[in-house]
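The next block is work31.cif, given as mmCIF, C-alpha atoms and all ligand atoms.
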```
data_coords
#
loop_
_atom_site.label_atom_id
_atom_site.label_comp_id
_atom_site.auth_asym_id
_atom_site.auth_seq_id
_atom_site.Cartn_x
_atom_site.Cartn_y
_atom_site.Cartn_z
CA MET N 1 -71.22 47.58 3.54
CA ILE N 2 -71.92 44.87 0.97
CA ARG N 3 -73.86 46.26 -1.99
CA THR N 4 -74.63 44.08 -4.98
CA ARG N 5 -76.63 44.82 -8.07
CA PHE N 6 -78.45 43.04 -10.84
CA ALA N 7 -78.36 45.03 -14.04
CA PRO N 8 -80.72 43.69 -16.70
CA SER N 9 -81.14 45.38 -20.06
CA PRO N 10 -84.83 45.61 -21.03
CA THR N 11 -84.08 44.45 -24.55
CA GLY N 12 -85.55 40.97 -24.04
CA SER N 13 -87.25 38.74 -21.49
CA LEU N 14 -85.60 37.73 -18.23
CA HIS N 15 -83.43 34.78 -19.25
CA ILE N 16 -82.85 31.78 -16.98
CA GLY N 17 -79.16 32.76 -16.88
CA GLY N 18 -80.06 36.32 -15.87
CA ALA N 19 -82.35 35.03 -13.15
CA ARG N 20 -79.52 32.90 -11.79
CA THR N 21 -77.17 35.94 -11.80
CA CYS N 22 -79.87 37.86 -9.96
CA LEU N 23 -80.27 35.03 -7.43
CA PHE N 24 -76.55 34.94 -6.60
CA ASN N 25 -76.45 38.74 -6.19
CA TRP N 26 -79.55 38.71 -4.05
CA LEU N 27 -78.36 35.76 -1.95
CA PHE N 28 -74.97 37.31 -1.36
CA ALA N 29 -76.49 40.63 -0.28
CA ARG N 30 -79.03 38.94 1.98
CA SER N 31 -76.51 36.53 3.49
CA GLU N 32 -74.14 39.41 4.30
CA LYS N 33 -76.91 41.73 5.54
CA GLY N 34 -76.06 44.09 2.71
CA LYS N 35 -78.15 45.84 0.10
CA PHE N 36 -79.41 44.45 -3.18
CA ILE N 37 -79.88 46.97 -5.96
CA LEU N 38 -81.74 46.65 -9.21
CA ARG N 39 -80.41 48.75 -12.03
CA ILE N 40 -82.24 48.83 -15.31
CA GLU N 41 -79.67 49.30 -18.06
CA ASP N 42 -81.81 51.09 -20.58
CA THR N 43 -78.97 52.92 -22.30
CA ASP N 44 -79.88 51.50 -25.69
CA LYS N 45 -83.02 53.52 -26.34
CA ALA N 46 -83.81 51.86 -29.64
CA ARG N 47 -83.77 48.32 -28.27
CA SER N 48 -85.16 48.95 -24.78
CA LYS N 49 -88.89 48.26 -24.61
CA LYS N 50 -91.49 48.92 -21.93
CA GLU N 51 -92.97 45.45 -22.41
CA PHE N 52 -89.60 43.82 -21.68
CA LEU N 53 -89.13 46.00 -18.62
CA ASP N 54 -92.55 44.98 -17.29
CA GLU N 55 -91.84 41.35 -17.99
CA ILE N 56 -88.47 41.47 -16.23
CA LEU N 57 -89.95 43.18 -13.17
CA ASN N 58 -92.85 40.73 -13.06
CA SER N 59 -90.54 37.75 -13.33
CA LEU N 60 -88.26 39.08 -10.59
CA LYS N 61 -91.23 39.66 -8.29
CA TRP N 62 -92.64 36.25 -9.11
CA LEU N 63 -89.31 34.69 -8.12
CA GLY N 64 -89.47 36.65 -4.89
CA PHE N 65 -86.36 38.80 -5.29
CA ASP N 66 -86.97 42.03 -3.43
CA TRP N 67 -84.63 44.96 -4.05
CA ASP N 68 -83.66 47.74 -1.68
CA GLU N 69 -83.11 50.37 -4.35
CA ILE N 70 -83.93 50.66 -8.04
CA TYR N 71 -82.32 52.91 -10.67
CA TYR N 72 -82.83 53.52 -14.34
CA GLN N 73 -79.60 54.13 -16.15
CA SER N 74 -81.21 56.45 -18.70
CA GLN N 75 -82.04 58.88 -15.89
CA ARG N 76 -78.41 59.05 -14.91
CA PHE N 77 -76.87 60.18 -18.20
CA PRO N 78 -76.00 63.69 -16.93
CA LEU N 79 -73.60 62.15 -14.40
CA CYS N 80 -71.89 60.21 -17.17
CA LEU N 81 -71.58 63.32 -19.28
CA ASP N 82 -70.08 65.34 -16.42
CA LEU N 83 -67.51 62.68 -15.72
CA ALA N 84 -66.64 62.32 -19.41
CA LYS N 85 -66.04 66.08 -19.56
CA LYS N 86 -63.81 65.82 -16.52
CA LEU N 87 -61.74 63.17 -18.31
CA LEU N 88 -61.59 65.47 -21.34
CA ALA N 89 -60.31 68.33 -19.20
CA GLU N 90 -57.71 66.03 -17.67
CA LYS N 91 -56.70 64.97 -21.19
CA LYS N 92 -57.37 61.33 -20.36
CA ALA N 93 -60.02 61.39 -23.06
CA TYR N 94 -60.37 63.23 -26.37
CA GLU N 95 -63.14 64.28 -28.71
CA ALA N 96 -63.64 62.27 -31.88
CA GLU N 97 -61.83 63.79 -34.84
CA ASP N 98 -64.90 63.59 -37.07
CA GLY N 99 -66.56 66.35 -35.04
CA SER N 100 -69.43 64.04 -34.04
CA GLY N 101 -69.12 64.99 -30.37
CA ALA N 102 -68.21 61.47 -29.26
CA ILE N 103 -65.83 61.31 -26.30
CA ILE N 104 -63.15 58.65 -26.37
CA LEU N 105 -60.87 57.35 -23.61
CA LYS N 106 -57.15 56.94 -24.35
CA MET N 107 -56.20 53.38 -23.55
CA PRO N 108 -53.05 53.29 -21.49
CA ARG N 109 -50.68 50.44 -22.36
CA LYS N 110 -50.32 48.20 -19.35
CA THR N 111 -51.22 44.93 -17.72
CA VAL N 112 -54.47 44.83 -15.77
CA GLN N 113 -54.98 42.20 -13.13
CA ILE N 114 -58.16 41.35 -11.29
CA ASP N 115 -58.63 38.92 -8.43
CA ASP N 116 -61.89 37.40 -9.48
CA LEU N 117 -63.72 35.79 -6.57
CA ILE N 118 -64.67 32.80 -8.70
CA HIS N 119 -61.92 32.54 -11.32
CA GLY N 120 -58.96 33.77 -9.26
CA LYS N 121 -56.30 35.99 -10.81
CA ILE N 122 -56.95 37.06 -14.39
CA GLN N 123 -54.47 39.20 -16.30
CA PHE N 124 -55.17 41.26 -19.35
CA ASP N 125 -52.79 43.09 -21.59
CA THR N 126 -54.35 46.32 -22.82
CA GLN N 127 -52.07 46.36 -25.92
CA THR N 128 -54.83 44.76 -27.93
CA ILE N 129 -57.64 46.98 -26.60
CA LYS N 130 -58.60 50.02 -28.66
CA ASP N 131 -59.32 53.46 -27.23
CA GLN N 132 -62.82 53.25 -25.72
CA VAL N 133 -65.80 55.35 -26.67
CA LEU N 134 -67.33 56.76 -23.47
CA ILE N 135 -70.02 59.01 -24.93
CA LYS N 136 -71.46 58.26 -28.35
CA SER N 137 -72.15 60.89 -30.96
CA ASP N 138 -75.82 60.94 -29.90
CA GLY N 139 -74.74 62.04 -26.43
CA THR N 140 -75.53 58.75 -24.67
CA PRO N 141 -72.91 56.78 -22.74
CA THR N 142 -71.65 53.37 -23.82
CA TYR N 143 -72.40 50.31 -21.68
CA ASN N 144 -68.86 50.10 -20.26
CA PHE N 145 -68.80 53.75 -19.24
CA ALA N 146 -72.31 53.91 -17.77
CA CYS N 147 -71.71 50.64 -15.95
CA VAL N 148 -68.56 51.95 -14.23
CA VAL N 149 -70.05 55.35 -13.44
CA ASP N 150 -73.13 53.76 -11.91
CA ASP N 151 -71.34 50.98 -10.07
CA ALA N 152 -68.96 53.52 -8.55
CA ASP N 153 -71.62 56.12 -7.79
CA LEU N 154 -73.97 53.53 -6.26
CA LYS N 155 -71.07 52.20 -4.19
CA ILE N 156 -71.43 48.67 -5.48
CA SER N 157 -68.98 46.53 -3.51
CA HIS N 158 -69.28 43.34 -5.54
CA VAL N 159 -69.96 43.07 -9.26
CA ILE N 160 -71.39 39.58 -9.71
CA ARG N 161 -72.27 38.82 -13.33
CA GLY N 162 -72.00 36.27 -16.09
CA ASP N 163 -68.51 35.45 -17.31
CA ASP N 164 -69.50 36.55 -20.80
CA HIS N 165 -68.60 39.99 -19.39
CA ILE N 166 -65.00 39.06 -18.52
CA SER N 167 -63.75 40.69 -21.71
CA ASN N 168 -65.36 43.98 -20.65
CA THR N 169 -63.68 43.95 -17.27
CA PRO N 170 -60.19 45.28 -18.26
CA LYS N 171 -61.86 48.15 -20.14
CA GLN N 172 -63.94 48.92 -17.08
CA VAL N 173 -60.92 48.72 -14.77
CA ILE N 174 -59.13 51.29 -16.94
CA ILE N 175 -62.17 53.57 -16.71
CA TYR N 176 -62.23 53.22 -12.89
CA GLU N 177 -58.56 54.12 -12.79
CA ALA N 178 -58.98 57.11 -15.09
CA LEU N 179 -61.80 58.40 -12.89
CA GLY N 180 -59.80 57.75 -9.73
CA PHE N 181 -62.50 55.48 -8.29
CA ASP N 182 -61.89 52.43 -6.12
CA LEU N 183 -62.43 49.12 -7.85
CA PRO N 184 -65.26 46.84 -6.70
CA LEU N 185 -64.59 43.13 -6.29
CA PHE N 186 -65.54 41.06 -9.32
CA ALA N 187 -67.15 37.62 -9.41
CA HIS N 188 -67.81 36.23 -12.86
CA ILE N 189 -70.25 33.32 -12.86
CA PRO N 190 -69.73 30.61 -15.51
CA MET N 191 -72.36 30.29 -18.21
CA ILE N 192 -75.23 27.83 -18.27
CA LEU N 193 -74.89 25.27 -21.04
CA SER N 194 -77.76 23.44 -22.68
CA GLY N 195 -77.96 19.66 -22.39
CA GLN N 196 -76.81 19.45 -26.02
CA GLY N 197 -73.71 21.52 -25.29
CA GLY N 198 -73.34 25.15 -26.26
CA ARG N 199 -75.03 28.00 -24.48
CA LEU N 200 -78.60 27.81 -23.35
CA SER N 201 -80.49 29.37 -26.22
CA LYS N 202 -83.90 29.45 -27.86
CA ARG N 203 -82.78 26.67 -30.20
CA THR N 204 -82.37 24.26 -27.29
CA GLY N 205 -85.60 25.04 -25.42
CA ALA N 206 -87.32 27.74 -23.43
CA THR N 207 -84.95 30.38 -22.07
CA ALA N 208 -87.28 32.96 -20.50
CA VAL N 209 -88.37 32.66 -16.89
CA SER N 210 -91.88 33.64 -18.01
CA GLU N 211 -92.02 30.64 -20.35
CA TYR N 212 -91.33 28.28 -17.45
CA ARG N 213 -93.92 30.12 -15.39
CA ASN N 214 -96.45 29.58 -18.17
CA MET N 215 -95.56 25.90 -18.35
CA GLY N 216 -96.57 25.57 -14.72
CA PHE N 217 -93.27 25.70 -12.86
CA LEU N 218 -93.49 27.15 -9.36
CA PRO N 219 -91.40 30.09 -8.22
CA GLU N 220 -89.90 28.21 -5.28
CA ALA N 221 -88.97 25.27 -7.53
CA THR N 222 -87.45 27.64 -10.07
CA VAL N 223 -85.33 29.42 -7.47
CA ASN N 224 -84.33 26.07 -6.00
CA TYR N 225 -83.29 24.75 -9.40
CA LEU N 226 -81.42 27.93 -10.33
CA SER N 227 -79.40 27.71 -7.12
CA LEU N 228 -78.09 24.31 -8.19
CA LEU N 229 -76.68 25.74 -11.41
CA GLY N 230 -73.16 26.44 -10.26
CA TRP N 231 -73.57 26.31 -6.51
CA SER N 232 -74.32 23.67 -3.93
CA ALA N 233 -75.16 23.76 -0.26
CA GLY N 234 -73.02 20.64 0.18
CA ASN N 235 -73.87 17.02 1.01
CA ASN N 236 -75.57 16.65 -2.38
CA GLN N 237 -78.54 18.57 -1.01
CA GLU N 238 -80.94 19.23 -3.87
CA ILE N 239 -84.04 20.56 -2.17
CA ILE N 240 -83.32 23.84 -0.50
CA SER N 241 -85.42 26.80 0.58
CA LYS N 242 -84.45 30.42 0.09
CA GLU N 243 -83.97 30.84 3.84
CA GLU N 244 -81.53 27.97 3.93
CA MET N 245 -79.72 29.27 0.85
CA ILE N 246 -79.25 32.63 2.56
CA LYS N 247 -77.72 30.85 5.55
CA LYS N 248 -75.38 28.72 3.49
CA PHE N 249 -74.48 30.84 0.48
CA SER N 250 -70.90 31.82 -0.08
CA ILE N 251 -69.64 33.34 -3.31
CA LYS N 252 -66.43 31.32 -3.00
CA ASP N 253 -68.41 28.11 -3.32
CA VAL N 254 -69.67 29.03 -6.79
CA ASN N 255 -68.11 26.65 -9.35
CA ASN N 256 -65.66 28.00 -11.85
CA THR N 257 -66.83 25.68 -14.60
CA ALA N 258 -70.03 25.92 -16.63
CA ALA N 259 -73.26 24.43 -15.31
CA THR N 260 -75.58 22.37 -17.51
CA PHE N 261 -79.29 23.02 -17.65
CA ASN N 262 -81.20 19.80 -17.09
CA LEU N 263 -84.93 20.03 -17.69
CA GLU N 264 -85.58 16.60 -16.15
CA LYS N 265 -83.97 17.69 -12.90
CA PHE N 266 -85.95 20.94 -12.97
CA ARG N 267 -89.16 18.94 -13.46
CA TRP N 268 -88.23 16.61 -10.63
CA ILE N 269 -87.76 19.56 -8.29
CA ASN N 270 -91.04 21.10 -9.43
CA ASN N 271 -92.78 17.79 -8.81
CA TYR N 272 -91.35 17.76 -5.29
CA TYR N 273 -92.80 21.18 -4.50
CA LEU N 274 -96.15 20.40 -6.15
CA LYS N 275 -96.46 17.14 -4.24
CA ASN N 276 -95.79 18.85 -0.94
CA MET N 277 -97.92 21.89 -1.56
CA GLU N 278 -101.05 22.45 0.42
CA SER N 279 -103.97 21.62 -1.88
CA ARG N 280 -105.77 24.91 -1.31
CA ARG N 281 -102.75 26.93 -2.45
CA PHE N 282 -102.31 24.49 -5.31
CA LEU N 283 -105.86 25.15 -6.41
CA ASP N 284 -105.43 28.91 -6.22
CA ILE N 285 -102.46 28.67 -8.56
CA ALA N 286 -104.23 26.23 -10.88
CA ILE N 287 -107.55 28.12 -11.18
CA PRO N 288 -106.32 30.59 -13.82
CA LEU N 289 -105.06 27.69 -15.92
CA PHE N 290 -108.37 25.83 -15.62
CA LYS N 291 -110.15 29.03 -16.61
CA GLN N 292 -107.87 29.60 -19.55
CA LYS N 293 -108.67 26.12 -20.81
CA GLY N 294 -112.39 26.68 -20.28
CA TYR N 295 -112.65 23.99 -17.58
CA ILE N 296 -113.82 26.58 -15.09
CA LYS N 297 -116.41 28.85 -16.63
CA GLU N 298 -117.90 30.80 -13.76
CA ASP N 299 -116.62 32.22 -10.52
CA SER N 300 -118.95 29.99 -8.59
CA PHE N 301 -117.48 26.55 -9.03
CA ASP N 302 -117.26 23.60 -6.70
CA ARG N 303 -113.97 24.19 -4.88
CA ASN N 304 -114.20 20.91 -3.02
CA TRP N 305 -114.54 18.98 -6.21
CA PHE N 306 -111.42 20.66 -7.59
CA LEU N 307 -109.54 20.02 -4.34
CA ASN N 308 -110.31 16.32 -4.74
CA LEU N 309 -109.12 16.44 -8.32
CA ILE N 310 -105.85 18.02 -7.20
CA GLU N 311 -105.36 15.35 -4.55
CA LEU N 312 -105.66 12.76 -7.29
CA PHE N 313 -102.99 14.24 -9.53
CA LYS N 314 -100.69 16.02 -7.11
CA GLY N 315 -98.02 13.37 -6.76
CA ARG N 316 -97.92 12.43 -10.44
CA ILE N 317 -97.38 15.69 -12.24
CA SER N 318 -94.19 17.64 -12.79
CA THR N 319 -95.81 20.87 -13.95
CA LEU N 320 -99.22 22.50 -13.60
CA SER N 321 -99.67 22.26 -17.36
CA GLU N 322 -99.57 18.50 -16.98
CA LEU N 323 -102.39 18.73 -14.45
CA ILE N 324 -104.51 20.57 -16.99
CA GLU N 325 -103.58 18.19 -19.77
CA TRP N 326 -103.93 14.94 -17.83
CA SER N 327 -107.16 15.86 -16.10
CA GLY N 328 -108.74 16.92 -19.40
CA PHE N 329 -110.92 13.78 -19.58
CA PHE N 330 -112.90 15.01 -16.59
CA PHE N 331 -114.15 18.01 -18.50
CA VAL N 332 -114.88 16.82 -22.02
CA GLU N 333 -118.24 15.72 -23.33
CA GLU N 334 -116.76 12.78 -25.13
CA VAL N 335 -113.60 10.93 -24.05
CA LYS N 336 -110.92 10.78 -26.66
CA LEU N 337 -109.58 7.24 -26.80
CA ILE N 338 -105.85 6.95 -27.37
CA PRO N 339 -104.99 4.16 -29.87
CA GLU N 340 -103.86 1.78 -27.10
CA ALA N 341 -107.17 2.30 -25.31
CA LYS N 342 -109.08 1.42 -28.50
CA VAL N 343 -107.07 -1.77 -28.83
CA LYS N 344 -107.67 -2.63 -25.19
CA LEU N 345 -111.44 -2.18 -25.59
CA LYS N 346 -111.64 -4.14 -28.82
CA GLU N 347 -109.46 -7.09 -27.82
CA ASN N 348 -111.36 -7.73 -24.61
CA ASN N 349 -114.85 -7.38 -26.00
CA LEU N 350 -116.43 -6.81 -22.60
CA THR N 351 -119.87 -5.57 -23.67
CA LYS N 352 -121.70 -7.92 -21.28
CA GLU N 353 -119.33 -7.18 -18.38
CA PHE N 354 -119.57 -3.43 -18.91
CA GLY N 355 -123.34 -3.77 -18.99
CA ILE N 356 -123.46 -5.53 -15.62
CA LEU N 357 -121.02 -3.09 -14.04
CA LYS N 358 -123.01 -0.15 -15.33
CA GLU N 359 -126.22 -1.51 -13.81
CA LYS N 360 -124.51 -1.87 -10.43
CA PHE N 361 -123.15 1.66 -10.67
CA ALA N 362 -126.57 2.98 -11.63
CA LEU N 363 -128.11 1.51 -8.48
CA LEU N 364 -125.63 3.13 -6.10
CA LYS N 365 -127.01 5.80 -3.80
CA GLU N 366 -123.65 7.05 -2.55
CA PHE N 367 -121.29 7.22 -5.48
CA ASP N 368 -118.04 7.37 -3.51
CA HIS N 369 -114.74 5.54 -3.73
CA ALA N 370 -115.77 2.69 -1.39
CA ALA N 371 -119.15 2.11 -3.04
CA VAL N 372 -117.67 2.20 -6.53
CA GLU N 373 -114.96 -0.25 -5.58
CA LYS N 374 -117.52 -2.59 -4.00
CA ALA N 375 -119.68 -2.54 -7.11
CA PHE N 376 -116.63 -3.42 -9.14
CA ARG N 377 -115.62 -6.29 -6.81
CA ASP N 378 -119.18 -7.66 -6.82
CA THR N 379 -119.13 -7.61 -10.61
CA ILE N 380 -115.92 -9.57 -11.01
CA GLU N 381 -117.06 -12.08 -8.39
CA GLN N 382 -120.37 -12.56 -10.13
CA LEU N 383 -118.62 -13.04 -13.47
CA ASN N 384 -115.83 -15.08 -11.94
CA ILE N 385 -113.11 -13.08 -13.65
CA LYS N 386 -109.85 -11.60 -12.42
CA SER N 387 -109.91 -7.91 -11.61
CA LYS N 388 -107.27 -7.06 -14.21
CA VAL N 389 -109.53 -8.42 -16.96
CA LEU N 390 -111.99 -5.64 -16.27
CA ILE N 391 -109.96 -2.89 -14.69
CA HIS N 392 -107.83 -1.82 -17.66
CA PRO N 393 -110.68 -1.75 -20.17
CA LEU N 394 -112.72 0.13 -17.56
CA ARG N 395 -110.02 2.79 -17.32
CA ALA N 396 -109.86 2.97 -21.11
CA ALA N 397 -113.63 3.45 -21.29
CA VAL N 398 -113.90 6.24 -18.72
CA THR N 399 -110.61 8.10 -19.18
CA GLY N 400 -109.60 7.25 -22.75
CA SER N 401 -106.14 6.24 -21.55
CA LEU N 402 -104.44 3.31 -19.87
CA ILE N 403 -102.64 5.14 -17.09
CA GLY N 404 -103.67 7.63 -14.46
CA PRO N 405 -104.62 7.99 -10.81
CA GLY N 406 -106.56 5.33 -8.85
CA ILE N 407 -109.48 4.35 -11.06
CA PHE N 408 -112.10 4.09 -8.29
CA GLU N 409 -111.31 7.59 -7.08
CA VAL N 410 -111.42 8.83 -10.66
CA ILE N 411 -114.82 7.19 -11.19
CA ALA N 412 -116.23 8.57 -7.95
CA LEU N 413 -115.08 12.06 -8.86
CA LEU N 414 -116.41 11.84 -12.40
CA GLY N 415 -119.86 11.08 -11.04
CA LYS N 416 -122.42 8.43 -11.80
CA GLU N 417 -124.02 10.02 -14.79
CA LYS N 418 -120.82 10.60 -16.75
CA VAL N 419 -119.43 7.16 -15.90
CA CYS N 420 -122.61 5.33 -16.97
CA GLU N 421 -122.72 7.35 -20.17
CA ARG N 422 -119.09 6.52 -20.92
CA LEU N 423 -119.69 2.81 -20.33
CA ASP N 424 -122.61 2.93 -22.78
CA LYS N 425 -120.43 4.67 -25.34
CA ALA N 426 -117.68 2.09 -24.86
CA ILE N 427 -120.17 -0.74 -25.40
CA GLU N 428 -121.30 0.92 -28.58
CA PHE N 429 -117.72 1.48 -29.69
CA ILE N 430 -116.89 -2.22 -29.19
CA LYS N 431 -119.99 -3.32 -31.08
CA THR N 432 -119.77 -0.96 -34.01
CA THR N 433 -116.10 -0.65 -34.84
N1 LIG O 501 -76.85 45.00 -18.80
C1 LIG O 501 -75.81 44.02 -18.77
C2 LIG O 501 -76.40 42.70 -19.21
O1 LIG O 501 -77.60 42.57 -19.21
C3 LIG O 501 -75.25 43.93 -17.37
C4 LIG O 501 -73.84 43.57 -17.33
C5 LIG O 501 -73.26 43.77 -15.95
O2 LIG O 501 -73.78 43.15 -15.00
O3 LIG O 501 -72.32 44.53 -15.83
O4 LIG O 501 -75.68 41.81 -19.59
#
```

Translate this file's structure into structure tokens.
Ligand code: GLU
Amino acid sequence: MIRTRFAPSPTGSLHIGGARTCLFNWLFARSEKGKFILRIEDTDKARSKKEFLDEILNSLKWLGFDWDEIYYQSQRFPLCLDLAKKLLAEKKAYEAEDGSGAIILKMPRKTVQIDDLIHGKIQFDTQTIKDQVLIKSDGTPTYNFACVVDDADLKISHVIRGDDHISNTPKQVIIYEALGFDLPLFAHIPMILSGQGGRLSKRTGATAVSEYRNMGFLPEATVNYLSLLGWSAGNNQEIISKEEMIKKFSIKDVNNTAATFNLEKFRWINNYYLKNMESRRFLDIAIPLFKQKGYIKEDSFDRNWFLNLIELFKGRISTLSELIEWSGFFFVEEVKLIPEAKVKLKENNLTKEFGILKEKFALLKEFDHAAVEKAFRDTIEQLNIKSKVLIHPLRAAVTGSLIGPGIFEVIALLGKEKVCERLDKAIEFIKTT
């Protein structure tokens, strides 16, 4: 029976690298019809925090990783203590000479070899490894000891983890051997490097899954992107669902060289999922963000209006935060003109043209896309000007910017009153500045 585990320590948030380790464990278990186990490694009581635990669990759930069993290492200390005493009795371990009560494993001198599923054969010479503390003077087990005891007791068949743990592996193998337990298979996944080289760290950008969630990345896009960090379904396939990953995943296909985190690629994948998302689900996800920003104040708001807004922006944004940011001009009392928009308004000096357009808008009964566009076309015909002469300054006047979704749809959605008011303000701006 295949049994894998993800073993986060609740001493920090769930890191992108940790989430990827979790994904590969989960995928392997699911693809082999095995079990996926979550083990919280809260051995370090001083550094383990409830808030980190909650955040890790929330992030894992958000990503959609379901576990078949969950264990807390701190609840399993008695087992570690029993086994350490057994090693003492067998004289494979000894008590610290300082009388602190620590239990230490004698390191046999030998060569340890593992057949890593990703890196192949790795040999270690234990000559350079010190005797290993199993139980500390405070009675708690060390990471290496608790990890072996739990992996063996929980019958973990495959230990899949970051290759920053390779140096722990010979120590753990020696502990397995001392305890007379069978070894699991090991698969050490190469690290994730930042675009600037070096490991992905806070210095080079966000590292926590929750930070990406807050920026408006979707869980399916995040899982999709994580899968590309060190693995590939073949044929350069970049968009892949969890179901397809489960079908195609093989641990042997994981690269043995480091992967590089590429935010642009991640954004591109998020954009793909946003673009293809059903607008109603999109809105449900975006509502809390609109509320947070104060753009939705009450529970009774016009859902249809927001659905139209989402249709307008859907294909253009890479994250939900961009939706909130870019659609901001819909919600403000006064549009904030970017410098280029000010220049555009000033250099064209369209006070008369804006005036005529505004009058036509004001007369419209139906203020929809088609009617707005017709009013615009009538205006340029009447003035005998090219559409581009008026269209860019018009966008500047109503949105404050020079780029964005189709201007007639934007105007229709903004509504007559706001648009007329903004044209008046633009006229005033041109005249007075
Ligand atoms: N708690 C360890 C970590 O977070 C787990 C290491 C392992 O998977 O053995 O790095």

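For Ser48 (chain N), the non-local neighbours within 12 Å, defined as residues at least 4 positions apart in the same chain or in other chains and counting only C-alpha atoms, are Pro8, Ser9, Pro10, Thr11, Gly12, Ser13, Ile40, Glu41, Asp42, Thr43, Asp44, Phe52, Leu53, Asp54, Ile56, Tyr72, Gln73 and Ser74 of chain N.
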
Across N:Gly294, N:Pro190, N:Ala426, N:Asp82, the smallest distance to Ala259 (chain N), with all atoms listed in the file counted, is shown by N:Pro190

Set up a box along x, y and z of the file covering all listed atoms of ligand LIG 501 (chain O), add 8 Å on every one of the six sides, and write the centre and edge lengths in Å to one decimal, as AutoDock Vina command-line options.
```
--center_x -75.0 --center_y 43.4 --center_z -17.3 --size_x 21.3 --size_y 19.2 --size_z 20.6
```

Write out as a PyMOL selection string each polymer residue (protein, DNA or RNA) that has an atom no more than 7 Å from ligand LIG 501 (chain O), with all atoms listed in the file counted.
chain N and resi 6-9+41+147+159-161+165

Could you please determine the separation between CA of Thr222 (chain N) and CA of Leu274 (chain N) in Å, to one decimal place?
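The value is 12.0 Å.
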
Would you pick out the contacts of region 242-257 of chain N at 12 Å or less, using all atoms listed in the file, so that residues sharing its chain but fewer than 3 positions from it are not included, and give the list as a PyMOL selection string?
chain N and resi 4+20-21+23-34+63-65+116-120+158-163+185-193+219-234+237-239+260

With C-alpha atoms retained, write the just-selected residues as a compact mmCIF listing (two decimals), keeping the file's coordinate frame.
```
# COMPACT_ATOMS: atom_id res chain seq x y z
CA THR N 4 -74.63 44.08 -4.98
CA ARG N 20 -79.52 32.90 -11.79
CA THR N 21 -77.17 35.94 -11.80
CA LEU N 23 -80.27 35.03 -7.43
CA PHE N 24 -76.55 34.94 -6.60
CA ASN N 25 -76.45 38.74 -6.19
CA TRP N 26 -79.55 38.71 -4.05
CA LEU N 27 -78.36 35.76 -1.95
CA PHE N 28 -74.97 37.31 -1.36
CA ALA N 29 -76.49 40.63 -0.28
CA ARG N 30 -79.03 38.94 1.98
CA SER N 31 -76.51 36.53 3.49
CA GLU N 32 -74.14 39.41 4.30
CA LYS N 33 -76.91 41.73 5.54
CA GLY N 34 -76.06 44.09 2.71
CA LEU N 63 -89.31 34.69 -8.12
CA GLY N 64 -89.47 36.65 -4.89
CA PHE N 65 -86.36 38.80 -5.29
CA ASP N 116 -61.89 37.40 -9.48
CA LEU N 117 -63.72 35.79 -6.57
CA ILE N 118 -64.67 32.80 -8.70
CA HIS N 119 -61.92 32.54 -11.32
CA GLY N 120 -58.96 33.77 -9.26
CA HIS N 158 -69.28 43.34 -5.54
CA VAL N 159 -69.96 43.07 -9.26
CA ILE N 160 -71.39 39.58 -9.71
CA ARG N 161 -72.27 38.82 -13.33
CA GLY N 162 -72.00 36.27 -16.09
CA ASP N 163 -68.51 35.45 -17.31
CA LEU N 185 -64.59 43.13 -6.29
CA PHE N 186 -65.54 41.06 -9.32
CA ALA N 187 -67.15 37.62 -9.41
CA HIS N 188 -67.81 36.23 -12.86
CA ILE N 189 -70.25 33.32 -12.86
CA PRO N 190 -69.73 30.61 -15.51
CA MET N 191 -72.36 30.29 -18.21
CA ILE N 192 -75.23 27.83 -18.27
CA LEU N 193 -74.89 25.27 -21.04
CA PRO N 219 -91.40 30.09 -8.22
CA GLU N 220 -89.90 28.21 -5.28
CA ALA N 221 -88.97 25.27 -7.53
CA THR N 222 -87.45 27.64 -10.07
CA VAL N 223 -85.33 29.42 -7.47
CA ASN N 224 -84.33 26.07 -6.00
CA TYR N 225 -83.29 24.75 -9.40
CA LEU N 226 -81.42 27.93 -10.33
CA SER N 227 -79.40 27.71 -7.12
CA LEU N 228 -78.09 24.31 -8.19
CA LEU N 229 -76.68 25.74 -11.41
CA GLY N 230 -73.16 26.44 -10.26
CA TRP N 231 -73.57 26.31 -6.51
CA SER N 232 -74.32 23.67 -3.93
CA ALA N 233 -75.16 23.76 -0.26
CA GLY N 234 -73.02 20.64 0.18
CA GLN N 237 -78.54 18.57 -1.01
CA GLU N 238 -80.94 19.23 -3.87
CA ILE N 239 -84.04 20.56 -2.17
CA THR N 260 -75.58 22.37 -17.51
```

With distances taken over only C-alpha atoms, which of N:Leu383, N:Ile129, N:Val209, N:Leu394 is nearest to Lys110 (chain N)?
N:Ile129

Just want the 7 Å neighbourhood of region 304-319 of chain N, counted on only C-alpha atoms, with same-chain residues fewer than 3 positions away dropped. Output as a PyMOL selection string.
chain N and resi 215-217+267-268+270-271+274-275+279-280+283+322-323+405

How about saving the chosen residues, C-alpha atoms kept, as a CSV table (one decimal), keeping the file's coordinate frame?
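Saved as part-v2.csv:
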```
chain,number,residue,atom,x,y,z
N,215,MET,CA,-95.6,25.9,-18.4
N,216,GLY,CA,-96.6,25.6,-14.7
N,217,PHE,CA,-93.3,25.7,-12.9
N,267,ARG,CA,-89.2,18.9,-13.5
N,268,TRP,CA,-88.2,16.6,-10.6
N,270,ASN,CA,-91.0,21.1,-9.4
N,271,ASN,CA,-92.8,17.8,-8.8
N,274,LEU,CA,-96.2,20.4,-6.2
N,275,LYS,CA,-96.5,17.1,-4.2
N,279,SER,CA,-104.0,21.6,-1.9
N,280,ARG,CA,-105.8,24.9,-1.3
N,283,LEU,CA,-105.9,25.2,-6.4
N,322,GLU,CA,-99.6,18.5,-17.0
N,323,LEU,CA,-102.4,18.7,-14.4
N,405,PRO,CA,-104.6,8.0,-10.8
```
